[in-house]
Every structure is written in structure tokens, then in C-alpha cells.
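Asks: For reference, the file structure_26.cif (mmCIF, C-alpha atoms) is included below:
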```cif
data_query
loop_
_atom_site.label_atom_id
_atom_site.label_comp_id
_atom_site.auth_asym_id
_atom_site.auth_seq_id
_atom_site.Cartn_x
_atom_site.Cartn_y
_atom_site.Cartn_z
CA MET V 1 -16.89 248.12 9.11
CA LYS V 2 -20.58 248.49 8.15
CA THR V 3 -21.09 251.06 10.90
CA ARG V 4 -18.05 253.04 9.75
CA ILE V 5 -19.23 253.04 6.12
CA ALA V 6 -22.73 254.14 7.21
CA ALA V 7 -21.27 256.98 9.22
CA VAL V 8 -19.20 258.20 6.26
CA CYS V 9 -22.27 258.11 4.03
CA VAL V 10 -24.29 260.10 6.56
CA CYS V 11 -21.58 262.76 6.81
CA LEU V 12 -21.43 263.06 3.00
CA VAL V 13 -25.19 263.46 2.77
CA LEU V 14 -25.22 266.16 5.42
CA ALA V 15 -22.32 267.97 3.77
CA LEU V 16 -24.26 268.05 0.49
CA THR V 17 -27.54 269.16 2.03
CA GLY V 18 -25.96 271.86 4.23
CA CYS V 19 -26.02 272.54 7.95
CA SER V 20 -28.63 275.29 8.37
CA GLY V 21 -30.08 275.55 11.84
CA THR V 22 -26.93 274.34 13.58
CA THR V 23 -25.51 276.11 16.63
CA PRO V 24 -21.67 276.10 16.66
CA ASP V 25 -20.00 273.66 19.04
CA PRO V 26 -18.18 275.68 21.73
CA SER V 27 -15.72 273.56 23.67
CA GLY V 28 -16.12 272.87 27.35
CA ARG V 29 -13.21 272.38 29.73
CA PRO V 30 -10.87 269.39 29.16
CA GLY V 31 -12.77 266.16 29.64
CA ALA V 32 -16.16 267.79 29.08
CA LEU V 33 -18.92 265.53 27.79
CA ARG V 34 -19.97 266.13 24.20
CA VAL V 35 -23.71 266.64 23.92
CA ALA V 36 -25.82 267.12 20.78
CA VAL V 37 -29.45 268.24 20.82
CA VAL V 38 -31.79 267.97 17.84
CA LEU V 39 -34.94 270.08 18.09
CA ALA V 40 -38.13 269.86 16.07
CA GLY V 41 -38.54 273.64 16.52
CA LEU V 42 -36.60 276.75 17.51
CA ALA V 43 -34.38 276.97 20.58
CA ASP V 44 -35.90 280.36 21.49
CA ASP V 45 -39.60 279.53 20.98
CA SER V 46 -40.47 280.27 24.64
CA GLY V 47 -42.01 276.80 24.69
CA PHE V 48 -41.27 273.09 24.36
CA HIS V 49 -38.05 273.33 22.38
CA GLN V 50 -36.55 276.05 24.54
CA ILE V 51 -37.04 273.74 27.53
CA ALA V 52 -34.32 271.47 26.16
CA ALA V 53 -32.07 274.27 24.96
CA ASP V 54 -32.14 276.06 28.32
CA GLY V 55 -31.74 272.80 30.21
CA VAL V 56 -28.42 271.94 28.57
CA ARG V 57 -26.98 275.43 28.10
CA LYS V 58 -26.52 275.84 31.85
CA PHE V 59 -24.01 272.97 31.79
CA GLN V 60 -22.35 274.38 28.69
CA GLN V 61 -21.88 277.71 30.47
CA ASP V 62 -20.32 275.89 33.42
CA GLY V 63 -17.86 274.17 31.07
CA GLU V 64 -19.18 270.74 31.98
CA ILE V 65 -20.27 269.91 28.43
CA SER V 66 -19.51 270.99 24.89
CA LEU V 67 -22.76 271.51 23.04
CA GLN V 68 -24.18 271.30 19.56
CA ILE V 69 -27.83 272.27 18.91
CA ARG V 70 -29.61 271.56 15.63
CA GLU V 71 -32.91 273.45 15.26
CA SER V 72 -36.11 273.09 13.23
CA VAL V 73 -35.69 269.48 12.12
CA ILE V 74 -39.42 268.94 11.86
CA ASN V 75 -39.55 265.61 10.05
CA PRO V 76 -38.22 262.55 11.94
CA VAL V 77 -37.08 261.13 8.58
CA ASP V 78 -34.69 264.08 8.33
CA ALA V 79 -33.69 263.79 11.98
CA GLU V 80 -32.58 260.15 11.86
CA PRO V 81 -29.42 260.65 9.76
CA ILE V 82 -28.49 263.56 12.02
CA PHE V 83 -28.76 261.29 15.08
CA ARG V 84 -26.52 258.79 13.29
CA GLN V 85 -24.00 261.47 12.40
CA TYR V 86 -23.60 262.61 16.00
CA ALA V 87 -23.33 259.03 17.25
CA ALA V 88 -20.71 258.21 14.60
CA GLU V 89 -18.73 261.30 15.60
CA GLY V 90 -18.51 260.00 19.16
CA TYR V 91 -20.85 262.35 21.00
CA ASP V 92 -21.41 261.15 24.56
CA LEU V 93 -25.11 262.02 24.52
CA VAL V 94 -27.54 262.64 21.65
CA ILE V 95 -30.88 264.20 22.62
CA GLY V 96 -33.83 263.96 20.23
CA TRP V 97 -36.24 266.60 21.56
CA GLY V 98 -39.47 266.04 19.68
CA PHE V 99 -42.41 263.76 20.40
CA SER V 100 -42.19 262.31 16.88
CA TYR V 101 -38.51 261.35 17.20
CA ALA V 102 -38.77 258.28 19.41
CA ASP V 103 -38.78 255.59 16.72
CA ALA V 104 -35.81 257.19 14.95
CA ILE V 105 -33.88 257.42 18.22
CA PHE V 106 -34.49 253.78 19.11
CA ARG V 107 -33.43 252.62 15.63
CA THR V 108 -30.24 254.68 15.81
CA ALA V 109 -29.49 253.42 19.32
CA LYS V 110 -29.57 249.81 18.10
CA GLU V 111 -27.08 250.71 15.37
CA PHE V 112 -24.77 252.46 17.86
CA PRO V 113 -24.97 250.44 21.12
CA GLY V 114 -21.94 252.24 22.54
CA SER V 115 -23.59 255.66 22.27
CA HIS V 116 -26.19 257.17 24.61
CA PHE V 117 -29.44 258.90 23.74
CA LEU V 118 -32.45 260.67 25.24
CA THR V 119 -35.89 260.66 23.67
CA THR V 120 -39.18 262.24 24.67
CA GLY V 121 -42.72 260.92 24.78
CA GLY V 122 -45.98 260.53 26.64
CA ALA V 123 -46.57 258.62 29.86
CA ASP V 124 -45.85 255.25 28.20
CA VAL V 125 -42.33 256.20 27.08
CA ALA V 126 -40.91 255.43 30.54
CA GLN V 127 -41.48 251.73 29.90
CA LYS V 128 -39.35 251.88 26.74
CA ALA V 129 -36.04 252.99 28.26
CA THR V 130 -33.15 250.72 27.24
CA ASP V 131 -29.49 250.28 28.15
CA ASN V 132 -28.48 253.23 25.98
CA VAL V 133 -31.75 255.19 25.54
CA ALA V 134 -33.06 257.29 28.42
CA THR V 135 -36.59 258.70 28.21
CA TRP V 136 -38.29 261.91 29.32
CA THR V 137 -41.89 262.86 29.95
CA TYR V 138 -43.74 265.19 32.32
CA ALA V 139 -46.56 264.93 34.85
CA ALA V 140 -49.15 266.41 32.50
CA GLU V 141 -52.06 266.26 34.93
CA GLU V 142 -49.99 267.97 37.66
CA MET V 143 -48.99 270.77 35.31
CA GLY V 144 -52.59 271.25 34.22
CA PHE V 145 -53.94 271.13 37.77
CA LEU V 146 -51.66 273.91 38.96
CA LEU V 147 -52.42 276.00 35.88
CA GLY V 148 -56.14 275.49 36.42
CA TYR V 149 -55.78 276.63 40.01
CA ILE V 150 -54.06 279.83 38.83
CA ALA V 151 -56.88 280.38 36.34
CA GLY V 152 -59.56 279.80 38.98
CA GLN V 153 -58.01 282.29 41.36
CA SER V 154 -58.82 285.04 38.83
CA LYS V 155 -62.57 284.40 39.34
CA LEU V 156 -63.01 284.97 35.59
CA SER V 157 -65.57 282.89 33.69
CA PRO V 158 -66.26 281.42 31.16
CA VAL V 159 -62.81 279.88 30.63
CA ALA V 160 -61.66 278.72 27.18
CA VAL V 161 -58.77 276.46 26.19
CA VAL V 162 -56.92 276.96 22.91
CA GLU V 163 -54.38 274.28 22.04
CA GLY V 164 -52.38 272.89 19.13
CA GLU V 165 -52.44 269.15 18.42
CA LYS V 166 -54.87 266.83 20.18
CA GLN V 167 -52.25 264.51 21.65
CA PRO V 168 -52.86 262.24 24.67
CA PHE V 169 -50.35 264.09 26.88
CA VAL V 170 -52.06 267.38 26.00
CA GLN V 171 -55.50 265.97 26.77
CA ALA V 172 -54.14 264.77 30.11
CA GLN V 173 -52.92 268.26 30.91
CA TRP V 174 -56.30 269.87 30.24
CA PHE V 175 -58.04 267.14 32.22
CA GLY V 176 -55.89 268.16 35.18
CA PHE V 177 -56.61 271.82 34.41
CA SER V 178 -60.35 271.24 34.87
CA GLN V 179 -59.72 269.77 38.33
CA GLY V 180 -57.56 272.69 39.46
CA LEU V 181 -60.04 275.21 38.07
CA ARG V 182 -62.88 273.62 40.04
CA LEU V 183 -60.78 273.63 43.23
CA ALA V 184 -60.15 277.38 42.98
CA ASN V 185 -63.50 278.43 41.51
CA PRO V 186 -66.27 275.80 41.58
CA ALA V 187 -68.63 278.22 39.81
CA ALA V 188 -66.39 278.66 36.75
CA VAL V 189 -67.86 277.67 33.38
CA GLU V 190 -65.38 275.87 31.15
CA MET V 191 -65.77 275.83 27.36
CA PRO V 192 -64.67 272.73 25.38
CA PRO V 193 -61.04 272.97 24.20
CA ILE V 194 -60.31 274.08 20.65
CA TYR V 195 -57.47 272.15 18.97
CA THR V 196 -56.10 273.97 15.94
CA GLY V 197 -53.93 271.04 14.81
CA SER V 198 -50.65 272.93 15.07
CA PHE V 199 -48.31 273.78 17.94
CA GLU V 200 -46.70 276.47 15.78
CA ASP V 201 -49.47 278.23 13.80
CA ALA V 202 -50.11 281.53 15.60
CA GLY V 203 -52.68 282.60 12.99
CA LYS V 204 -54.94 279.63 13.66
CA ALA V 205 -54.59 280.15 17.40
CA ASN V 206 -55.50 283.82 17.01
CA GLN V 207 -58.66 282.90 15.11
CA ALA V 208 -59.63 280.21 17.64
CA THR V 209 -59.07 282.62 20.54
CA ALA V 210 -61.12 285.35 18.88
CA THR V 211 -63.93 282.86 18.29
CA ARG V 212 -64.06 281.82 21.93
CA ILE V 213 -63.97 285.46 23.06
CA ARG V 214 -66.91 286.28 20.78
CA GLU V 215 -68.72 283.37 22.43
CA GLY V 216 -68.16 284.94 25.84
CA ALA V 217 -64.79 283.70 27.16
CA ARG V 218 -63.22 286.02 29.76
CA LEU V 219 -60.10 283.93 30.29
CA VAL V 220 -58.15 281.87 27.73
CA ALA V 221 -55.80 279.06 28.75
CA ALA V 222 -53.04 277.91 26.42
CA ASN V 223 -49.44 276.71 26.48
CA ALA V 224 -46.19 278.56 25.85
CA GLU V 225 -45.68 277.19 22.36
CA GLY V 226 -45.14 278.64 18.92
CA TYR V 227 -48.85 279.41 18.58
CA ALA V 228 -48.95 281.40 21.86
CA ALA V 229 -48.34 284.82 20.28
CA GLY V 230 -51.62 284.44 18.40
CA VAL V 231 -53.51 283.75 21.60
CA ALA V 232 -51.93 286.76 23.32
CA SER V 233 -52.68 289.20 20.50
CA ALA V 234 -56.35 288.20 20.28
CA ALA V 235 -56.73 288.38 24.05
CA LYS V 236 -55.11 291.81 24.26
CA ALA V 237 -57.30 293.17 21.47
CA ALA V 238 -60.41 292.08 23.37
CA GLY V 239 -59.21 292.97 26.88
CA VAL V 240 -59.31 289.33 28.00
CA ALA V 241 -56.88 287.59 30.37
CA THR V 242 -54.82 284.47 29.68
CA VAL V 243 -52.92 281.80 31.60
CA GLY V 244 -50.16 279.49 30.41
CA LEU V 245 -48.12 281.90 28.27
CA ALA V 246 -44.52 282.89 28.89
CA SER V 247 -43.58 286.49 29.62
CA THR V 248 -41.15 286.18 26.69
CA THR V 249 -43.91 285.22 24.25
CA SER V 250 -44.71 288.82 23.32
CA GLU V 251 -45.48 292.25 24.75
CA ALA V 252 -49.17 291.35 24.52
CA ALA V 253 -48.60 288.27 26.68
CA ARG V 254 -46.94 290.37 29.38
CA GLU V 255 -50.02 292.60 29.46
CA VAL V 256 -52.69 289.89 29.73
CA ASN V 257 -51.14 286.73 31.20
CA ILE V 258 -51.64 285.85 34.88
CA GLY V 259 -49.12 283.02 35.18
CA ARG V 260 -47.98 279.65 33.91
CA VAL V 261 -46.27 276.39 34.90
CA ARG V 262 -42.94 275.86 33.15
CA VAL V 263 -40.62 272.89 32.81
CA ASP V 264 -37.14 273.38 34.29
CA LEU V 265 -35.04 270.61 32.79
CA VAL V 266 -31.85 271.48 34.70
CA PRO V 267 -32.42 269.06 37.64
CA LEU V 268 -33.06 266.18 35.25
CA VAL V 269 -30.14 266.99 32.97
CA ARG V 270 -27.97 267.00 36.11
CA GLU V 271 -29.12 263.45 36.84
CA LEU V 272 -28.68 262.43 33.22
CA LEU V 273 -25.07 263.62 33.09
CA ASP V 274 -24.23 262.08 36.47
CA ARG V 275 -25.62 258.73 35.37
CA LEU V 276 -23.61 258.95 32.18
CA LYS V 277 -20.39 259.63 34.10
CA ASN V 278 -21.10 256.93 36.69
CA LYS V 279 -22.07 254.36 34.05
CA THR V 280 -25.53 253.91 35.59
CA PHE V 281 -27.36 255.16 32.51
CA ALA V 282 -29.29 251.95 31.74
CA ARG V 283 -33.10 252.00 31.93
CA LEU V 284 -33.20 255.66 32.98
CA ALA V 285 -36.72 257.12 32.79
CA LEU V 286 -36.88 260.83 33.65
CA LYS V 287 -40.09 262.66 34.51
CA SER V 288 -40.65 266.33 35.25
CA THR V 289 -42.82 266.69 38.37
CA LEU V 290 -43.60 269.24 41.05
CA ALA V 291 -41.84 267.08 43.65
CA ASN V 292 -38.49 267.08 41.84
CA ARG V 293 -38.82 270.80 41.05
CA SER V 294 -38.77 270.23 37.33
CA LEU V 295 -42.29 271.69 37.10
CA VAL V 296 -42.26 275.24 38.43
CA PRO V 297 -44.94 277.95 38.73
CA SER V 298 -43.70 280.99 36.86
CA ASP V 299 -44.53 284.46 35.54
CA ILE V 300 -47.19 285.11 38.21
CA ALA V 301 -48.35 288.66 37.55
CA LYS V 302 -51.09 291.17 38.32
CA VAL V 303 -52.63 292.34 35.03
CA ALA V 304 -55.42 294.79 34.23
CA THR V 305 -57.47 292.14 32.42
CA ALA V 306 -57.80 290.14 35.67
CA PRO V 307 -58.48 292.74 38.41
CA ASP V 308 -59.68 290.21 41.01
CA VAL V 309 -56.49 288.15 41.11
CA PRO V 310 -55.43 288.12 44.80
CA GLY V 311 -52.25 289.94 45.69
CA ASP V 312 -50.88 286.86 47.41
CA LEU V 313 -51.48 284.52 44.45
CA GLY V 314 -47.81 283.55 44.40
CA SER V 315 -47.97 282.38 48.01
CA ARG V 316 -51.19 280.47 47.39
CA VAL V 317 -49.66 278.71 44.42
CA ASP V 318 -46.52 277.81 46.38
CA ASP V 319 -48.68 276.36 49.14
CA LEU V 320 -50.58 274.21 46.65
CA VAL V 321 -47.31 273.02 45.11
CA GLY V 322 -46.23 271.81 48.53
CA GLN V 323 -49.52 269.99 49.06
CA LEU V 324 -49.36 268.34 45.64
CA ALA V 325 -45.71 267.36 46.02
CA GLY V 326 -46.42 265.95 49.49
CA GLY V 327 -49.49 264.00 48.40
CA LYS V 328 -51.94 266.03 50.54
CA VAL V 329 -53.76 267.06 47.37
CA THR V 330 -54.06 264.51 44.56
CA VAL V 331 -54.92 264.80 40.89
CA GLN V 332 -57.19 262.29 39.18
CA PRO V 333 -55.29 260.72 36.27
CA TRP V 334 -56.51 261.03 32.71
CA THR V 335 -57.38 257.90 30.76
CA PRO V 336 -58.10 257.61 27.01
CA GLY V 337 -61.76 258.04 26.17
CA ARG V 338 -62.48 260.71 28.78
#
```
Reformat the file's structure so that it appears as C-alpha cells.
Replies:
Amino acid sequence: MKTRIAAVCVCLVLALTGCSGTTPDPSGRPGALRVAVVLAGLADDSGFHQIAADGVRKFQQDGEISLQIRESVINPVDAEPIFRQYAAEGYDLVIGWGFSYADAIFRTAKEFPGSHFLTTGGADVAQKATDNVATWTYAAEEMGFLLGYIAGQSKLSPVAVVEGEKQPFVQAQWFGFSQGLRLANPAAVEMPPIYTGSFEDAGKANQATATRIREGARLVAANAEGYAAGVASAAKAAGVATVGLASTTSEAAREVNIGRVRVDLVPLVRELLDRLKNKTFARLALKSTLANRSLVPSDIAKVATAPDVPGDLGSRVDDLVGQLAGGKVTVQPWTPGR
């Protein structure tokens, strides 16, 4: 009775506050699982939030799931009643796609033990999976290592890193990046990373990129996040190359970016849905890696700002992926305090 009353209250609150940022719920085929995804950003940001949106939409298109996506719920305090609403409405799976959502997801999961959830986090989140909460993280050092190798193949130096928030998983990625850069170009000079404090503020990223270019950077590494357009525009204006941006970031990114490593969530969503159907969901800890093809080199391109990039860079990258996935090449893990 308490749970039912709480659910009614949540629905009333949401009705009063409105439903902006909600994608309509197209029905799947009969018997399709009902999946709801709450994003801390936009579903078409060419970055972290689009990873989740793209990962589930494939199964919506196949009719395997019906899907509801709620965008731009930045504050976890605002997200928690939305999680409760979806659970109370009987959704089979509620995904909280934001690194600040974990506590809210775990609290909601305790209130609705018959519902199933997915939350995201750093390397430690795998240890927190419960009977009805699956977790997701990614092999940050692997992603960084491969991106660093792509950067090193350009033979450009010095190399700058422009990033958003200084989070442990981000630091781990750039620690791996340094290792891959040294493998491909031991002579490369690497500037200390600049953290702007925001994954979304393109203006701050533009300023940070311009600063590093004035200091001599010939290549700027970043991630395909909301801030990426600022990196691309500053790099294009200065005739400097980048790595890490998506080809969909902007026209400027397509002109200056050599390549990136993207997350393909489809293989892991496949496992998630299968476990849900087979009732083997408990203690499920998902991780995007090169070996399970959830980390994928992408957008490899020849650009005018990096004339020395080898024509067979794609083949070289694929070869390294095989070596990393097979354990022939290893990446030193990042630890706090490095």
C-alpha cells in the first residue's frame, strides 16, 4: 500500500511539473520489454549520453523493446522521482545513464525490489551490483591507450589534452593515453591536461584549447562530449589536429580530427536483455572493453592538419586492438595519486 501511494504521488508531481525532454514511447511487438532511459544530457550529444540512446534504439527498431527516453535530467535529485515513476508503472528495465545517478538508482531499487535497473559508474561500481541493479563501466585505460596510439601515429608534438571534469575514470583514460602515445611516438612531448570543470561547456573548452595552441600544441586530444565543438573550432582556426572527437561533433571536427575510440553499447544491451528474459539478472556487472567489441576504433581519417598520418593507420589500429584484446600488449592500470 505504501509503495502504491508513493507511486501515485510521484505521478502527480510529474504531471504538475511537466514532461519536457521526454521521447514518446513507441510500442514494440507483442511481449516486448518496456525500457526507460534517463539521461543527464542530450540523446544526440555525439558523446556519453548518445552512447546509451544508440545502444537501446537498435532493439527498439527491431521491435524487441518499447522505449521511453528522458533527456537532460542533470540533477540526481530530479532524476530519482522519475526512476520511481517508471518502476511504479511496471517498466521491465530502468536505466539511469549518468555518473551522478548511482545513489538514486540504488535507493529506488530497494523501494521496488521487483523492478530491474542499470546504473553507471567508475571501476568500483562493478562491486555494487545487486539482485535488481546491474552496473556499467568501461575500460578507461584501454580506451585511452588506443587513442594515444592514434595520436602518436600522427608524429605531431607537443600534444595537449583538454577535458571536462577531473573524475577518476577520466584520469585513468588519460593515463592510458600517455602509454599509447609513447608506444607510437616515444619522442612526443605531452602537455599537462587542462580540466575545464564541465563536460558540456564548449566555450571553456575553446578557451583552453586556444591557450594550449598558443603554448605550442600541434595536436589536441579530447573526448566526444558536449564541450567537443569548442575544441574543434579552436583547432580549426589554428590549423591544428585533434583526436577523440566524433565526426558528428561539427564540420570543424570532420576537418581536423584523426580518429577516436567510441563505446558501442549494443553488445552489452544484448546481454542485459537476455539476462532479464532468462531471469539471470542478479549481480550483473557490465564493462565495455576492446575484447567484447564494446570499445571500437572509429572515424579514422586523413586530414590536412596531420599530413604525416600513415595511409594504413586503420590497419595498424586494428592490429593493436587484436594485441590488446589478446593480452599480447598490456596497459598499466591507473591508481589514485598518480
Asks: Taking (-59.1, 286.5, 17.9) in the file's coordinates as the center, which residues reach within 6 Å of it, counting all atoms listed in the file, put as a PyMOL selection string?
Replies: chain V and resi 206-207+209-210+234
Asks: Once the PyMOL selection byres ((chain V and resi 181-189) around 9) has been evaluated on this model, what residues remain selected, and can you format them as a PDB file with C-alpha atoms, in the frame of the given file?
Replies:
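So result-v3.pdb came out as:
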```
ATOM      1  CA  PHE V 145     -53.940 271.130  37.770  1.00  0.00           C
ATOM      2  CA  LEU V 146     -51.660 273.910  38.960  1.00  0.00           C
ATOM      3  CA  LEU V 147     -52.420 276.000  35.880  1.00  0.00           C
ATOM      4  CA  GLY V 148     -56.140 275.490  36.420  1.00  0.00           C
ATOM      5  CA  TYR V 149     -55.780 276.630  40.010  1.00  0.00           C
ATOM      6  CA  ILE V 150     -54.060 279.830  38.830  1.00  0.00           C
ATOM      7  CA  ALA V 151     -56.880 280.380  36.340  1.00  0.00           C
ATOM      8  CA  GLY V 152     -59.560 279.800  38.980  1.00  0.00           C
ATOM      9  CA  GLN V 153     -58.010 282.290  41.360  1.00  0.00           C
ATOM     10  CA  SER V 154     -58.820 285.040  38.830  1.00  0.00           C
ATOM     11  CA  LYS V 155     -62.570 284.400  39.340  1.00  0.00           C
ATOM     12  CA  LEU V 156     -63.010 284.970  35.590  1.00  0.00           C
ATOM     13  CA  SER V 157     -65.570 282.890  33.690  1.00  0.00           C
ATOM     14  CA  PRO V 158     -66.260 281.420  31.160  1.00  0.00           C
ATOM     15  CA  VAL V 159     -62.810 279.880  30.630  1.00  0.00           C
ATOM     16  CA  ALA V 160     -61.660 278.720  27.180  1.00  0.00           C
ATOM     17  CA  GLY V 176     -55.890 268.160  35.180  1.00  0.00           C
ATOM     18  CA  PHE V 177     -56.610 271.820  34.410  1.00  0.00           C
ATOM     19  CA  SER V 178     -60.350 271.240  34.870  1.00  0.00           C
ATOM     20  CA  GLN V 179     -59.720 269.770  38.330  1.00  0.00           C
ATOM     21  CA  GLY V 180     -57.560 272.690  39.460  1.00  0.00           C
ATOM     22  CA  GLU V 190     -65.380 275.870  31.150  1.00  0.00           C
ATOM     23  CA  MET V 191     -65.770 275.830  27.360  1.00  0.00           C
TER      24      MET V 191
END
```
Asks: Take CA of Val133 (chain V) and CA of Phe117 (chain V) and report the distance between them in Å, one decimal.
Replies: 4.7 Å
Asks: Applying the PyMOL selection byres ((chain V and resi 52-66) around 9) to the file I just gave you, which residues come out? Please list them as a PyMOL selection string.
Replies: chain V and resi 25-37+39+43-44+48-51+67-69+95+97+264-270
Asks: For the provided coordinates, the residues matched by the PyMOL selection byres ((chain V and resi 164) around 6) should be stated as a PyMOL selection string.
Replies: chain V and resi 163+165+195-199
Asks: Would you kindly place N, CA and C atoms on region 124-139 of chain V and return the model as a PDB file, keeping the file's coordinate frame?
Replies:
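Okay, selection.pdb is ready:
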```pdb
ATOM      1  N   ASP V 124     -46.285 256.618  28.465  1.00  0.00           N
ATOM      2  CA  ASP V 124     -45.850 255.250  28.200  1.00  0.00           C
ATOM      3  C   ASP V 124     -44.367 255.150  27.832  1.00  0.00           C
ATOM      4  N   VAL V 125     -43.715 256.275  27.547  1.00  0.00           N
ATOM      5  CA  VAL V 125     -42.330 256.200  27.080  1.00  0.00           C
ATOM      6  C   VAL V 125     -41.397 255.702  28.176  1.00  0.00           C
ATOM      7  N   ALA V 126     -41.761 255.881  29.436  1.00  0.00           N
ATOM      8  CA  ALA V 126     -40.910 255.430  30.540  1.00  0.00           C
ATOM      9  C   ALA V 126     -40.651 253.934  30.486  1.00  0.00           C
ATOM     10  N   GLN V 127     -41.609 253.188  29.973  1.00  0.00           N
ATOM     11  CA  GLN V 127     -41.480 251.730  29.900  1.00  0.00           C
ATOM     12  C   GLN V 127     -40.554 251.294  28.772  1.00  0.00           C
ATOM     13  N   LYS V 128     -40.147 252.223  27.923  1.00  0.00           N
ATOM     14  CA  LYS V 128     -39.350 251.880  26.740  1.00  0.00           C
ATOM     15  C   LYS V 128     -37.869 252.169  26.903  1.00  0.00           C
ATOM     16  N   ALA V 129     -37.450 252.685  28.046  1.00  0.00           N
ATOM     17  CA  ALA V 129     -36.040 252.990  28.260  1.00  0.00           C
ATOM     18  C   ALA V 129     -35.200 251.717  28.103  1.00  0.00           C
ATOM     19  N   THR V 130     -34.024 251.855  27.489  1.00  0.00           N
ATOM     20  CA  THR V 130     -33.150 250.720  27.240  1.00  0.00           C
ATOM     21  C   THR V 130     -31.775 250.992  27.875  1.00  0.00           C
ATOM     22  N   ASP V 131     -30.827 250.110  27.586  1.00  0.00           N
ATOM     23  CA  ASP V 131     -29.490 250.280  28.150  1.00  0.00           C
ATOM     24  C   ASP V 131     -28.830 251.574  27.685  1.00  0.00           C
ATOM     25  N   ASN V 132     -29.145 252.019  26.470  1.00  0.00           N
ATOM     26  CA  ASN V 132     -28.480 253.230  25.980  1.00  0.00           C
ATOM     27  C   ASN V 132     -29.462 254.321  25.530  1.00  0.00           C
ATOM     28  N   VAL V 133     -30.753 254.152  25.827  1.00  0.00           N
ATOM     29  CA  VAL V 133     -31.750 255.190  25.540  1.00  0.00           C
ATOM     30  C   VAL V 133     -32.487 255.545  26.830  1.00  0.00           C
ATOM     31  N   ALA V 134     -32.278 256.763  27.311  1.00  0.00           N
ATOM     32  CA  ALA V 134     -33.060 257.290  28.420  1.00  0.00           C
ATOM     33  C   ALA V 134     -34.307 257.964  27.854  1.00  0.00           C
ATOM     34  N   THR V 135     -35.341 258.097  28.665  1.00  0.00           N
ATOM     35  CA  THR V 135     -36.590 258.700  28.210  1.00  0.00           C
ATOM     36  C   THR V 135     -36.986 259.871  29.108  1.00  0.00           C
ATOM     37  N   TRP V 136     -37.774 260.769  28.552  1.00  0.00           N
ATOM     38  CA  TRP V 136     -38.290 261.910  29.320  1.00  0.00           C
ATOM     39  C   TRP V 136     -39.763 262.117  29.028  1.00  0.00           C
ATOM     40  N   THR V 137     -40.511 262.402  30.076  1.00  0.00           N
ATOM     41  CA  THR V 137     -41.890 262.860  29.950  1.00  0.00           C
ATOM     42  C   THR V 137     -42.163 263.811  31.112  1.00  0.00           C
ATOM     43  N   TYR V 138     -43.395 264.278  31.214  1.00  0.00           N
ATOM     44  CA  TYR V 138     -43.740 265.190  32.320  1.00  0.00           C
ATOM     45  C   TYR V 138     -45.073 264.801  32.913  1.00  0.00           C
ATOM     46  N   ALA V 139     -45.300 265.228  34.154  1.00  0.00           N
ATOM     47  CA  ALA V 139     -46.560 264.930  34.850  1.00  0.00           C
ATOM     48  C   ALA V 139     -47.613 265.895  34.322  1.00  0.00           C
TER      49      ALA V 139
END
```
